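A short write-up of the structure that comes next.
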Amino acid sequence: MQQVVIVGSGPAGYTAAVYAARAGLSPVVVAGSVTAGGSLMTTTEVENFPGFTDGVQGPDLMDAMRAQAERFGARIVYDDATRLDLAGEVKTIETGSGETFEARSVILTTGSAYRKLGLAEEARLSGHGLSWCATCDGFFFREKEIAVVGGGDSAMEEALFLTRFASKVTIVHRRDDFRASKIMAERVRADPKIEVAWNSEVAELVGENAVEALRLRDTVTGDERALPISGVFVAIGHDPRSELLTGQVDLDDDGYVLVDHPSTATNLPGVFAAGDLVDRRYRQAITASGTGCAAALDAQHFLAGLPACRRDRDRTSGGVRMSATITVTDATFEAEVLQSDIPVVVDIWATWCGPCKAIAPILDDLAGEYDGRVKIVKLDADANPQTAMAADVTSIPTLGFYRGGERVDVLIGAHPKPIIAGKIDELIV
Ligand code: NAP
């Protein structure tokens, strides 16, 4: 029986974990199989998190928060919560790999998910020129013309970051004024590589196997035109990730969890919520951290009010993770992959890719589980562009599945463990 299970792992979840762990509650954090660390894992520089004079990289900030929570005894589980039962005194949380946790209290911090454009071609072209992560995939669009869709801070940030690689960035925004903060909008306006297509929406992503152009529709006149580009990055906001909570805790019409402000208490005793899952107004890393802290204090207060016999503490501590994957380079790819006696999974990643970090523990686990039957190797695309480019990679993480010197399958993006394991099973039959 756990005292506290935290479901979700952005700034809210990890801050709640730091506070709950320091209070001796040994929290379990169900961090997500591919979303561990939350949205900051796909951002670049965070300039406004207090305490960092020169800014901090989003993934570095989240790594530090996670490590801080682990230092005090939080256990991080890199899996998704797939079923929750939060109504009774004992709450249950089931994960994708079939583990079930029972807990006296639960803190919900599942954050928000990227909004999609809602176009039919979106699934087909995702990872083939269509991306939601400039920090992961911008690298593959050197000297290319690309577009960013959106008019908020995220779109400004992505467009500015992408000017490092692209020859030209066109921001496609549906109105004639940005929603973004003044400082970000001014930086964009001052950048000679950035143009803005005002009053424009994406009517179609054009391209069979990869994005070749956007069909833009003028939101005032209805006129349409083609914008030839090689890549498009979507940054049109987020929606709360509350699908699992429907019918359990009270939500508002847009799916945000309702709490009893100024506390983080939901309508269910012992269930608290924090971060972007609750907050439709501020949505900053620091406000998410603040409410995560409040949720841990609220949970602590709730547990202190339970009869002593129910407060038996389970002091599980986090284990030390050993890497079982092998590193390959452009120079060793031939010998380690193409001439391997057993099938090989190649993880093409880079240090600046948050989702790559998120799936690293899954690949480590699988390398151990399939030891001797399949080899899992990692290739840093930044340091070894030749192999990545030869494999037509335009989005990372990309997993290549090799047998007998041939690539027989590809999996683009971060996916949960059962999906990767399923691909490996197909590879080794
Ligand atoms: P956001 O502020 O909600 O902006 C979303 C943008 O996408 C808006 O311009 C919106 O247009 C547009 N949009 C929404 N749905 C669309 C659709 N279906 N088709 C086309 N366009 C659509 O989201 P965000 O930029 O992700 O920012 C979220 C929060 O994080 C904000 O509070 C922001 O300040 C914060 N943030 C801060 C920083 C920073 O400080 N450096 C960086 C990133 C994010 P309309 O304007 O017409 O509604």
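Letters A, B, ... go to the chains of the structure tokens in the order shown; residues in each chain start at 1; ligands are counted from 1 in the same order.
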Using only C-alpha atoms, what table do you get, as JSON lines, when you list each residue of region 209-321 of chain A with an atom no more than 12 Å from region 392-401 of chain A, its nearest pair of atoms, and their distance in Å rounded to one decimal, rows by chain then rising number?
{"residue": "A:Asn209", "atom": "CA", "partner": "A:Asp392", "partner_atom": "CA", "distance": 11.7}
{"residue": "A:Ala210", "atom": "CA", "partner": "A:Thr394", "partner_atom": "CA", "distance": 9.8}
{"residue": "A:Val211", "atom": "CA", "partner": "A:Thr394", "partner_atom": "CA", "distance": 11.1}
{"residue": "A:Ser230", "atom": "CA", "partner": "A:Thr394", "partner_atom": "CA", "distance": 10.3}
{"residue": "A:Gly231", "atom": "CA", "partner": "A:Thr394", "partner_atom": "CA", "distance": 9.2}
{"residue": "A:Val232", "atom": "CA", "partner": "A:Thr394", "partner_atom": "CA", "distance": 11.6}
{"residue": "A:Phe233", "atom": "CA", "partner": "A:Ser395", "partner_atom": "CA", "distance": 11.3}
Where does DSSP see helix (DSSP H, G or I) in region 169-315 of chain A, if you list the residues as a PyMOL selection string?
chain A and resi 182-190+243-245+275-277+285-304+308-311
Select the residues contacting ligand 1 at a distance of at most 10 Å, based on only C-alpha atoms and all ligand atoms, then format the selection as number ranges by chain.
A: 39-40, 43-49, 112-119, 149-158, 172-181, 183-184, 199-203, 234-239, 276, 279-285
Within 7 Å of Thr110 (chain A), counting only C-alpha atoms, which residues qualify if same-chain residues fewer than 3 places away don't, as a short mmCIF file (atom, residue, chain, number, x, y, z; two decimals) with N, CA, C and O atoms, in the first residue's frame?
data_model
loop_
_atom_site.label_atom_id
_atom_site.label_comp_id
_atom_site.auth_asym_id
_atom_site.auth_seq_id
_atom_site.Cartn_x
_atom_site.Cartn_y
_atom_site.Cartn_z
N VAL A 7 0.40 10.62 -10.53
CA VAL A 7 0.20 10.18 -11.91
C VAL A 7 0.54 11.35 -12.82
O VAL A 7 -0.19 12.34 -12.87
N GLY A 8 1.68 11.25 -13.50
CA GLY A 8 2.14 12.33 -14.37
C GLY A 8 3.45 12.90 -13.84
O GLY A 8 3.74 12.79 -12.65
N SER A 9 4.23 13.50 -14.76
CA SER A 9 5.60 13.81 -14.35
C SER A 9 6.18 15.09 -14.93
O SER A 9 7.37 15.16 -15.13
N ARG A 241 -4.92 16.46 -20.41
CA ARG A 241 -4.93 15.00 -20.62
C ARG A 241 -5.76 14.37 -19.50
O ARG A 241 -5.22 13.85 -18.53
N LEU A 277 -3.19 20.25 -15.95
CA LEU A 277 -4.43 19.47 -15.94
C LEU A 277 -5.57 20.28 -15.32
O LEU A 277 -6.74 20.06 -15.59
#
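A straight line drawn from CA of Gln3 (chain A) to CA of Ala358 (chain A) is 25.9 Å long.
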Run DSSP on the backbone and grab whatever in region 193-388 of chain A lands in strand (DSSP E or B); send it over as a PyMOL selection string.
chain A and resi 194-197+200-206+213-218+224-228+231-234+238-240+251+257+265+271-273+326-328+344-349+375-380
Find the residues near Leu86 (chain A): any atom within 10 Å, counting only C-alpha atoms, skip ones fewer than 2 places away on the same chain, and give them as a list of chain:residue names.
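Counting only C-alpha atoms, the residues come to A:Arg83, A:Leu84, A:Gly88, A:Glu89, A:Val90, A:Lys91, A:Thr92, A:Ile93, A:Glu102, A:Ala103, A:Arg104, A:Ser105, A:Val106, A:Leu245, A:Gln248, A:Val249, A:Leu268, A:Pro269, A:Gly270, A:Val271.
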Selected residues written out with C-alpha atoms, as a PDB file, in the first residue's frame:
ATOM      1  CA  ARG A  83      -6.952   2.562 -15.512  1.00  0.00           C
ATOM      2  CA  LEU A  84      -7.707   4.456 -12.340  1.00  0.00           C
ATOM      3  CA  GLY A  88     -12.816   4.421  -2.467  1.00  0.00           C
ATOM      4  CA  GLU A  89     -10.495   4.747   0.520  1.00  0.00           C
ATOM      5  CA  VAL A  90      -7.989   2.576  -1.316  1.00  0.00           C
ATOM      6  CA  LYS A  91      -7.299   3.962  -4.768  1.00  0.00           C
ATOM      7  CA  THR A  92      -5.938   1.720  -7.520  1.00  0.00           C
ATOM      8  CA  ILE A  93      -3.756   2.718 -10.435  1.00  0.00           C
ATOM      9  CA  GLU A 102      -2.831   0.735  -4.329  1.00  0.00           C
ATOM     10  CA  ALA A 103      -2.637   4.066  -2.582  1.00  0.00           C
ATOM     11  CA  ARG A 104      -4.167   6.089   0.232  1.00  0.00           C
ATOM     12  CA  SER A 105      -3.880   9.284  -1.808  1.00  0.00           C
ATOM     13  CA  VAL A 106      -3.329  10.199  -5.446  1.00  0.00           C
ATOM     14  CA  LEU A 245     -10.511  10.775 -15.384  1.00  0.00           C
ATOM     15  CA  GLN A 248     -14.170   9.771 -11.815  1.00  0.00           C
ATOM     16  CA  VAL A 249     -13.346  13.329 -10.761  1.00  0.00           C
ATOM     17  CA  LEU A 268     -12.915  12.866  -4.223  1.00  0.00           C
ATOM     18  CA  PRO A 269     -11.333  12.586  -0.754  1.00  0.00           C
ATOM     19  CA  GLY A 270      -7.593  11.881  -1.008  1.00  0.00           C
ATOM     20  CA  VAL A 271      -7.391  12.840  -4.685  1.00  0.00           C
TER      21      VAL A 271
END
How close does region 375-428 of chain A get to region 336-341 of chain A? List, as CSV, each residue of region 375-428 of chain A within 8 Å, its nearest atom pair and the distance in Å to one decimal, counting only C-alpha atoms.
residue,atom,partner,partner_atom,distance
A:Tyr402,CA,A:Val337,CA,7.2
A:Arg403,CA,A:Leu338,CA,7.9
A:Gly404,CA,A:Leu338,CA,6.8
A:Gly405,CA,A:Leu338,CA,3.9
A:Glu406,CA,A:Leu338,CA,6.9
Quick one: residues within 12 Å of Asp347 (chain A), only C-alpha atoms counted, chain neighbours fewer than 2 positions away excluded, as a compact mmCIF listing (two decimals) with N, CA and C atoms, in the first residue's frame?
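Okay, around-v3.txt is ready:
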# COMPACT_ATOMS: atom_id res chain seq x y z
N THR A 325 22.18 -1.13 -23.50
CA THR A 325 22.27 -0.84 -24.93
C THR A 325 23.74 -0.58 -25.31
N ILE A 326 24.00 -0.66 -26.62
CA ILE A 326 25.38 -0.48 -27.11
C ILE A 326 25.41 0.78 -27.96
N THR A 327 26.48 1.55 -27.88
CA THR A 327 26.59 2.77 -28.69
C THR A 327 27.31 2.45 -30.00
N VAL A 328 26.71 2.88 -31.13
CA VAL A 328 27.40 2.72 -32.42
C VAL A 328 27.61 4.09 -33.06
N THR A 329 28.54 4.14 -34.01
CA THR A 329 28.86 5.38 -34.71
C THR A 329 28.80 5.11 -36.22
N PHE A 333 28.91 1.24 -37.57
CA PHE A 333 27.55 0.82 -37.96
C PHE A 333 27.57 -0.46 -38.80
N VAL A 337 25.91 -3.42 -36.92
CA VAL A 337 24.50 -3.55 -37.32
C VAL A 337 24.36 -4.43 -38.57
N VAL A 344 19.03 -6.53 -35.08
CA VAL A 344 19.47 -5.33 -34.35
C VAL A 344 18.37 -4.25 -34.40
N VAL A 345 18.15 -3.59 -33.28
CA VAL A 345 17.28 -2.41 -33.26
C VAL A 345 18.21 -1.21 -33.10
N TRP A 349 18.98 8.89 -32.12
CA TRP A 349 18.60 9.86 -31.08
C TRP A 349 19.57 11.02 -31.11
N ALA A 350 19.35 11.99 -30.23
CA ALA A 350 20.32 13.09 -30.05
C ALA A 350 20.15 13.65 -28.65
N PRO A 355 11.98 13.47 -26.15
CA PRO A 355 11.33 12.16 -26.26
C PRO A 355 12.35 11.02 -26.37
N CYS A 356 13.55 11.31 -26.94
CA CYS A 356 14.59 10.28 -27.01
C CYS A 356 15.00 9.88 -25.60
N LYS A 357 15.12 10.89 -24.73
CA LYS A 357 15.48 10.60 -23.33
C LYS A 357 14.36 9.81 -22.66
N ILE A 359 12.34 7.61 -23.94
CA ILE A 359 12.26 6.17 -24.25
C ILE A 359 13.55 5.43 -23.90
N ALA A 360 14.59 6.16 -23.51
CA ALA A 360 15.87 5.49 -23.20
C ALA A 360 15.72 4.39 -22.14
N ILE A 362 13.15 2.59 -21.49
CA ILE A 362 12.40 1.47 -22.07
C ILE A 362 13.35 0.60 -22.89
N LEU A 363 14.21 1.26 -23.68
CA LEU A 363 15.14 0.50 -24.53
C LEU A 363 16.16 -0.25 -23.68
N ASP A 364 16.57 0.38 -22.58
CA ASP A 364 17.48 -0.31 -21.65
C ASP A 364 16.83 -1.59 -21.12
N ALA A 367 16.62 -4.17 -23.88
CA ALA A 367 17.94 -4.75 -24.19
C ALA A 367 18.25 -5.86 -23.20
N LYS A 375 19.99 -7.28 -30.55
CA LYS A 375 20.92 -6.28 -30.02
C LYS A 375 20.23 -4.92 -30.14
N ILE A 376 20.27 -4.11 -29.10
CA ILE A 376 19.70 -2.76 -29.20
C ILE A 376 20.86 -1.77 -29.13
N VAL A 377 21.02 -1.00 -30.21
CA VAL A 377 22.15 -0.07 -30.28
C VAL A 377 21.63 1.35 -30.42
N LYS A 378 22.45 2.31 -29.99
CA LYS A 378 22.06 3.73 -30.06
C LYS A 378 23.04 4.47 -30.94
N LEU A 379 22.49 5.31 -31.84
CA LEU A 379 23.33 6.11 -32.72
C LEU A 379 22.96 7.57 -32.54
N ASP A 380 23.90 8.39 -32.11
CA ASP A 380 23.67 9.82 -31.91
C ASP A 380 23.69 10.52 -33.28
N ALA A 381 22.51 11.02 -33.71
CA ALA A 381 22.39 11.60 -35.06
C ALA A 381 23.24 12.86 -35.21
N THR A 387 24.98 8.28 -41.16
CA THR A 387 24.10 7.11 -41.10
C THR A 387 22.64 7.56 -41.00
N ALA A 388 22.41 8.62 -40.21
CA ALA A 388 21.03 9.11 -40.05
C ALA A 388 20.48 9.61 -41.37
N ALA A 391 19.69 6.92 -43.87
CA ALA A 391 18.46 6.18 -43.54
C ALA A 391 17.21 7.05 -43.69
N VAL A 393 16.25 9.71 -42.21
CA VAL A 393 15.61 10.08 -40.94
C VAL A 393 15.34 11.58 -40.94
N SER A 395 13.00 12.69 -38.34
CA SER A 395 12.32 12.87 -37.07
C SER A 395 12.92 11.89 -36.07
N ILE A 396 13.20 12.36 -34.86
CA ILE A 396 13.73 11.43 -33.87
C ILE A 396 12.90 11.50 -32.58
N PRO A 397 12.86 10.40 -31.81
CA PRO A 397 13.57 9.16 -32.04
C PRO A 397 13.00 8.38 -33.23
N THR A 398 13.90 7.72 -33.98
CA THR A 398 13.50 6.76 -35.00
C THR A 398 14.17 5.44 -34.66
N LEU A 399 13.37 4.37 -34.62
CA LEU A 399 13.94 3.04 -34.39
C LEU A 399 13.97 2.30 -35.73
N GLY A 400 15.14 1.81 -36.11
CA GLY A 400 15.27 0.99 -37.32
C GLY A 400 15.46 -0.46 -36.90
N PHE A 401 14.74 -1.37 -37.56
CA PHE A 401 14.81 -2.80 -37.20
C PHE A 401 15.56 -3.52 -38.32
N TYR A 402 16.71 -4.10 -38.01
CA TYR A 402 17.62 -4.68 -39.01
C TYR A 402 17.73 -6.19 -38.82
N VAL A 410 10.56 0.21 -39.55
CA VAL A 410 10.92 1.49 -38.94
C VAL A 410 9.79 1.91 -38.00
N LEU A 411 10.15 2.49 -36.87
CA LEU A 411 9.14 3.03 -35.96
C LEU A 411 9.57 4.46 -35.63
N ILE A 412 8.75 5.42 -36.07
CA ILE A 412 9.11 6.83 -35.87
C ILE A 412 8.39 7.38 -34.64
N GLY A 413 9.13 8.09 -33.81
CA GLY A 413 8.54 8.72 -32.63
C GLY A 413 8.69 7.87 -31.39
N ALA A 414 8.29 8.45 -30.25
CA ALA A 414 8.36 7.73 -28.98
C ALA A 414 7.09 6.90 -28.80
N ILE A 420 6.98 -1.27 -28.88
CA ILE A 420 8.36 -1.56 -29.32
C ILE A 420 8.63 -3.06 -29.16
Suppose you want the space between CA of Gly207 (chain A) and CA of Leu125 (chain A); what is it in Å?
8.0 Å
